[in-house]
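Working notes, beginning with the structure itself.
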Amino acid sequence: MNLLGFVPAIVVQHLIDNKLKNIQPKVPERQSFKSVVMFADISGFTNLTEQLSRIGPEGSEVIAFAINRYMELLVKSIGRSGGDIFKFAGDAMIVVWPPPSDQESLTGLKILLRQGIQSALDIQQKLSDTFILEDIKLSVKIGFGVGDIDIVYVGGVFNRSEYLATGDPLIQAFESEHCATEGGQTIISQQVYDLIGEHFNCIKIPEHHNYFVNGYKGQKVQNISNALMITNKITTQQLQLVRADLQRFVPAAVLQFILVDQEKWSSELRRLSIVFVNLGIDLSMAQKNLQSIQKVIETVQKCVYSYQGSLNKLLMDDKGSTLIVVFGLPPVSQQDDPTRAILTSQAMQEELSKINCKCRIGIATGFVFAGVVGTSGSRREYSVIGDSVNLAARLMQAACLDENEPIIVDEQTAKEASYKLNIQPYKVIQVKGKTVDIPIYVPRLPLSGLNNHNPYYPSKDTSYVDRSDIENKIQVSIQSFIQSNHKSFLYLKGQLGAGKSLLLQNSIKIIQKNNQKSKYVTLSTSIDSFTLQFPYCGLKQIAQQLLQLICSRMQLEYNLETLKQIVIKENEASMIFYELFDFQEKSKITLFQKRADDESNIINKLKALLFSLFKFYQNSQPQQSLIIIIDDAQNLEKNSILLIRHIMKHINNIMLILSFRDIYFEQSQSYDKQLGQIELINDGIRHITATIDEEYVTEIKVQGLSQGQLYILLQKQFKIFTIQFEDQSYRDQHGRSKSIYEYHNNKSLMMNEDPMTIFISYMYSKTQGIPLTFIQMIQIFIRDQLIVTKSNQAYITSQLLDMIILEEQITVEQPLSSLRINGPILDKISCIEQLVLKIASVIGNIFDIQTLDKILPFKETVPSEKLVKILDDLENENIIEVMEKNELNKYYRFTHSFMREGIYQRLTYTYRRDFHKLVAQCLQEIPQQFPQNEQLEALRLKFHWTLAEQKWTLNKNKMILSHNAKRSIIIQQIQSKIRQNNPQVIIISGVLEKKSERNVTWASRYCVMTQKEFRYYYHEQDYLINQDSYLGRISLSNIYSVLPLNEKEKGNKLFAFELRVSQWIKRQKFQPRREFYFAALNENQMEEWTIFFEFIRAKAIYDEFVNNFGKIQFPLPSYKDSYNMKLAFNLNKNSLQQQRNIKLRQKRQTIISVNKVNKSISEDNFSIGSMDKTKDRVKSMFNNGLLLLFSHIFESSLNRYELKVGSNTKAMKKFIHKFKIDQNLLDGNSPEMNKSRKRLSEINSQTFAKSRQSLQVNLTEIREEEPRLKEKEKTPKQSIVRSQKYEFQEEDYPVPQNIRKNQKMNSSKISTPQQAEVQEQDATYDMLSNTKYQSKTNSIRKELQTQYMVCIKNTSSLSIPKLFLQKGQRVQLVGSSRQSETQILINGQISTFSSLDFIHE
């Protein structure tokens, strides 16, 4: 594990020293020493961030790349001087030099100072005004301090600790850096100057106690890499000692990747909510305030972890004491991270105020880079970088200057949290790094009751579309309850964004208009991140609302005394009542509060309390009905469901309305836990339904909108009434849209509908009709200018149309609702499974395992057999599903809508480009399973090449594909046209400039290329009227050279090329050798034509050769060579196992033929057997054979008589151990075969048990037929035409004595006829193994050719054994001549058996 790079060397050494001294780690703890501190701040970072934020999400990645590249140069120089990178702080770093061995002497300290300043000057000389990216240069400002340093270890909640450097040297370094007026300056404090000022050229800065250093005096000191020496000296044993302690300082988001040695894959692009917190405590005074610091950090950790956040950084820098908290990092991301960020901030503000610590907070939400920052060498940290991170820091600074509002959030955070919290617009401010003013918002108390997602925030308009059918059902159910006062239950279920809450809101409003308020009272709550922090969240707000209603009507105060007066007897009050009704100030970090009462005792008390409370209200208001509404009920926990069930069972005149999701729960954990939560909700519904009459139970499934309703929604909300294609090339001469291809259900379908129909159909398939998702997608399309709106009309751009045709939307930001749903689902699976899904997402929504294995970059971690297992696990977790499989490949599809987009858009752009290139190459090597239109294949190939070669740039120029990409795409297009087997099909056509025959003038010519020839005409019209009216015709096989012209030959044509032909045709006459000169309009067109010429020319030459000399076979690789055959074997192995399991589950009425099973097992074992074992078998056979041969020769020479080779010799009998065969080398004794025998034995035991029950001949009937059969046996054999009668006599097959003894012993134990039959059959099965019987019945067995399994049984009980055919033999049942005889077809003749039991499959 590479944990050392994530913890400073000073901290690692401290942990090792404590372990060696048997000192257990504890918090708080302080480590003190004298040393040197350097603070380096990158100048130009704000400008860098502002410019790169324009290019979208990739800007964050480019920023991280630039910082890493620049810091790598810094760290190399600092490392050589002995400095230890203690903390990365965004665009800055804090460096601490390990203390000198002699802390009392100043000599060692002076040497460290000189090493550090020498390093700083070297950095300024080499890195000042360095261009890291195009048009962007960076420099660094450096400040130094020296003195007593304290490293503080604090925290400890959930075994997570933080380290922090404090002390006067840090203050000196920060103040020195602030004195720098521009990048490239190195400033030292007065204390540093007093120690080493004589060794450097220093200039005092006016009005400051600091000095500007601009050069050396005298000789330099030798650099010693102290920090690197500490790390390099750590042994493996020492690392094992402190491994657990080191993990306390490493974020969980990167730790899971470190544990599987895939650290570089931890870097992602994520939508995160960033919280910057400025603490009102002086962390630099650790010596005096250590316990206070511990209390502050512990409180912060509790607040953050209560809402599943991540404490990313704790540092003291030039901005003061700062915390960075992140929501949305793995593995604790949630669907409502912005809401949790605000709730955490409110909790911190409240809880910290209790310990006299103020805080100011800024929150921003957006796509940022989350990953490893620093260098690939000795030191790095997991950090977040991006425009939203900078904005959160600016908002924190704005909050520090604002006296009224301690928490300020940006617009994105406000929009996402508005459906759960009351967030109000505050004002518009100007912040550093932004060219425009930004609006800021302030959060208030959480909302109560019903709330819905508002995609139009801050607008108040939340109407989606007319859903009167569902609203009527809700209204009828509620109105029926109000009129009848009969206990009722209504529950709505549907996906996130389907409109459940909105439908309830609208229905309640209509009910309120149509009824008097005195007839009913509505109590409502929503189970969200805030209410989930408290126990019994489902009824907490309901109980409070009911008690407040009672107090207001009785004019009583809302307190415990009132509650006692109403429902509680004396001395029965419990602390849980204080928490349930908030009678006293409540803590917002209840996760860490312990309860002394037994849970079951608490539940019983609450049941009694709530029953009394509801009864009291109903007795005081007998004419008023109660309606309880619980929204987001999918988050209800077990105890709340128990209380709700109790109320619904014992309280009358009440109606319960639940609204919940039936999929994609908000508190999604693992897949198994989600299934458990679903079952918990369904179980609660079953119990509630059981207590209510069926006619008063209403279930409403809120599904997505129809395509017609989506069209109405588009008109109503976006004022779009018609949609057209912006690119007119997609329309024919009549203005109708041309046919485009919709690839669906493995077929290529043609659609001639209008653009609106095409667009709505596509949107419906992507959103499943969910209105919230639909609205968010339209907003994204309009924002990204994929849809251009003009008045009441919209235009689909060619980019969006290509996306619709290919069904590829990975390049467009996914709808926010889908991102919030799929993100937590993906974060709950293992990091290895996430990595596999990331690679699969590049391939497509449908991907195959062969392509996935081919481009997988971490094959050492995920070999082929493990890849099969991982995909099976993902299928079991309902993330992917199997589409198709064959003997070499298996095809999967992402199960959920936008799941692929969600995992793909986490990939950094660098990785995306690498994998798109690999996929483009695989598309031409590995055959596709599903037949596609050839044009689509070429378009898909172009899509992957485009993403593979698309580079970021500040200047948004049109991207140009490389020659290799163009060549790949053009060849794919050519192949698709050649497969049509039409020699006249046009490969390419267009207008080119042609030079005259005398090489004087250029003229435009319409050119056409087919598989065989190239023609050129005056105009396109000439070609359309008469194809034979060409000016010239060139057979492609006669072209022997295609060359671009050099500068002299080009003349005034920049994109010209030359065709050299051996002969051509003009006016129906062959012409001699000639050079043709053509010119394209641009470089792209010239490149296309030359590639087409080269490829088609080669094919024409090959076709001509085949016609003249016959087809030849090139040593070209088979398509199977592109497959990983080991992977295919693992697939088939799993498939065979699944088939066997299916066979075992099939119902059979008879004994199965085990020969097939044995055969398949032996084949399996042969294929599984290793090559080494085969070699051992051959070697053993060869050695034993030679030994036997020599023994034969030796014995023959002594006895002088003939001896058959292979027979036993005296040497073999005497030295039997020499000739003995190793049993482990035999298939029959191999571990695999023993395992197979065991499995076969289990199969036989099961099938024989079934056969005993299904035997068609009853023993009683056989005994009744015994006298007649004995008489029949005495008669002579008769010949029948095409028939032979076989009869069996007991004397022909005498029963061995040992079997007769067993029969007698078994007969004494027989108690019932059924037991007798079973034991009789068992004895018969035992006799089958006797070789004596098998040798005598061998002739008959050979004749029986199988169609059925045959069993012959004599009428006398056990006197004549059964005759079983050889395994796998089958006979055909023909008919029955008598009741006691059966005719069977054997070798073309009908044979008759008497007393025959036949058993068939």
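In the structure tokens, chains take letters A, B, ... by order of appearance, with residues numbered from 1 within each chain and ligands from 1 in the order shown.
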Subject >> segment 636-653 of chain A surroundings by only C-alpha atoms, 7 Å radius, close-in-sequence under 4 positions cut, as a PyMOL selection string >> reply: chain A and resi 485-487+527+536-539+607+611+625-626+684+687-688+691
Subject >> Nearest-residue call for Ile85 of chain A, choices A:Ile408, A:Ala40, A:Leu52, A:Leu329, using only C-alpha atoms >> reply: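 So, comparing all the options, the nearest one is A:Ala40.
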Original post:
Excluding same-chain residues fewer than 6 positions from Ser507 of chain A, what lies within 12 Å of it counting only C-alpha atoms, as a ChimeraX atom specification?
Top reply: /A:450,467-479,500-501,513-514
Quick one: which segment 321-419 of chain A residues come within 12 Å of segment 93-96 of chain A, and what is the nearest atom pair for each with the distance in Å to one decimal, counting only C-alpha atoms, rows ordered by chain and ascending number, as a Markdown table?
| residue | atom | partner | partner_atom | distance |
| --- | --- | --- | --- | --- |
| A:Val373 | CA | A:Met93 | CA | 11.2 |
| A:Gly374 | CA | A:Met93 | CA | 9.7 |
| A:Arg379 | CA | A:Val95 | CA | 11.2 |
| A:Arg380 | CA | A:Met93 | CA | 10.9 |
| A:Glu381 | CA | A:Met93 | CA | 11.0 |
Write the residues you've just listed into a file as a CSV table (one decimal), in the first residue's frame, and include all heavy atoms for each of them.
chain,number,residue,atom,x,y,z
A,373,VAL,N,-3.8,15.2,-5.9
A,373,VAL,CA,-3.1,16.5,-6.3
A,373,VAL,C,-1.7,16.4,-5.6
A,373,VAL,O,-1.6,16.0,-4.5
A,373,VAL,CB,-3.9,17.7,-5.8
A,373,VAL,CG1,-3.1,19.0,-6.1
A,373,VAL,CG2,-5.2,17.8,-6.5
A,374,GLY,N,-0.7,16.9,-6.4
A,374,GLY,CA,0.7,16.9,-5.9
A,374,GLY,C,1.6,16.4,-6.9
A,374,GLY,O,1.6,16.8,-8.1
A,379,ARG,N,5.1,12.9,-2.4
A,379,ARG,CA,4.0,13.6,-1.6
A,379,ARG,C,2.9,14.0,-2.4
A,379,ARG,O,3.0,14.6,-3.5
A,379,ARG,CB,4.6,14.8,-0.9
A,379,ARG,CG,3.7,15.5,0.1
A,379,ARG,CD,3.6,14.6,1.4
A,379,ARG,NE,2.8,15.3,2.4
A,379,ARG,CZ,1.4,15.2,2.5
A,379,ARG,NH1,0.8,14.4,1.7
A,379,ARG,NH2,0.8,15.9,3.4
A,380,ARG,N,1.7,13.7,-1.9
A,380,ARG,CA,0.4,14.1,-2.6
A,380,ARG,C,-0.7,14.0,-1.7
A,380,ARG,O,-0.6,13.5,-0.6
A,380,ARG,CB,0.2,13.1,-3.8
A,380,ARG,CG,0.2,11.6,-3.5
A,380,ARG,CD,0.5,10.8,-4.7
A,380,ARG,NE,0.6,9.4,-4.4
A,380,ARG,CZ,1.7,8.8,-3.9
A,380,ARG,NH1,2.8,9.6,-3.7
A,380,ARG,NH2,1.8,7.5,-3.7
A,381,GLU,N,-1.8,14.6,-2.1
A,381,GLU,CA,-3.0,14.6,-1.3
A,381,GLU,C,-4.3,14.5,-2.1
A,381,GLU,O,-4.2,14.8,-3.3
A,381,GLU,CB,-3.1,16.0,-0.5
A,381,GLU,CG,-2.3,16.0,0.8
A,381,GLU,CD,-2.6,17.3,1.6
A,381,GLU,OE1,-3.4,18.1,1.2
A,381,GLU,OE2,-1.9,17.4,2.7
Subject >> Selection near Glu875 of chain A, 10 Å with only C-alpha atoms, sequence-local residues under 4 positions removed, as a PyMOL selection string >> reply: chain A and resi 869-871+879-882+892-895
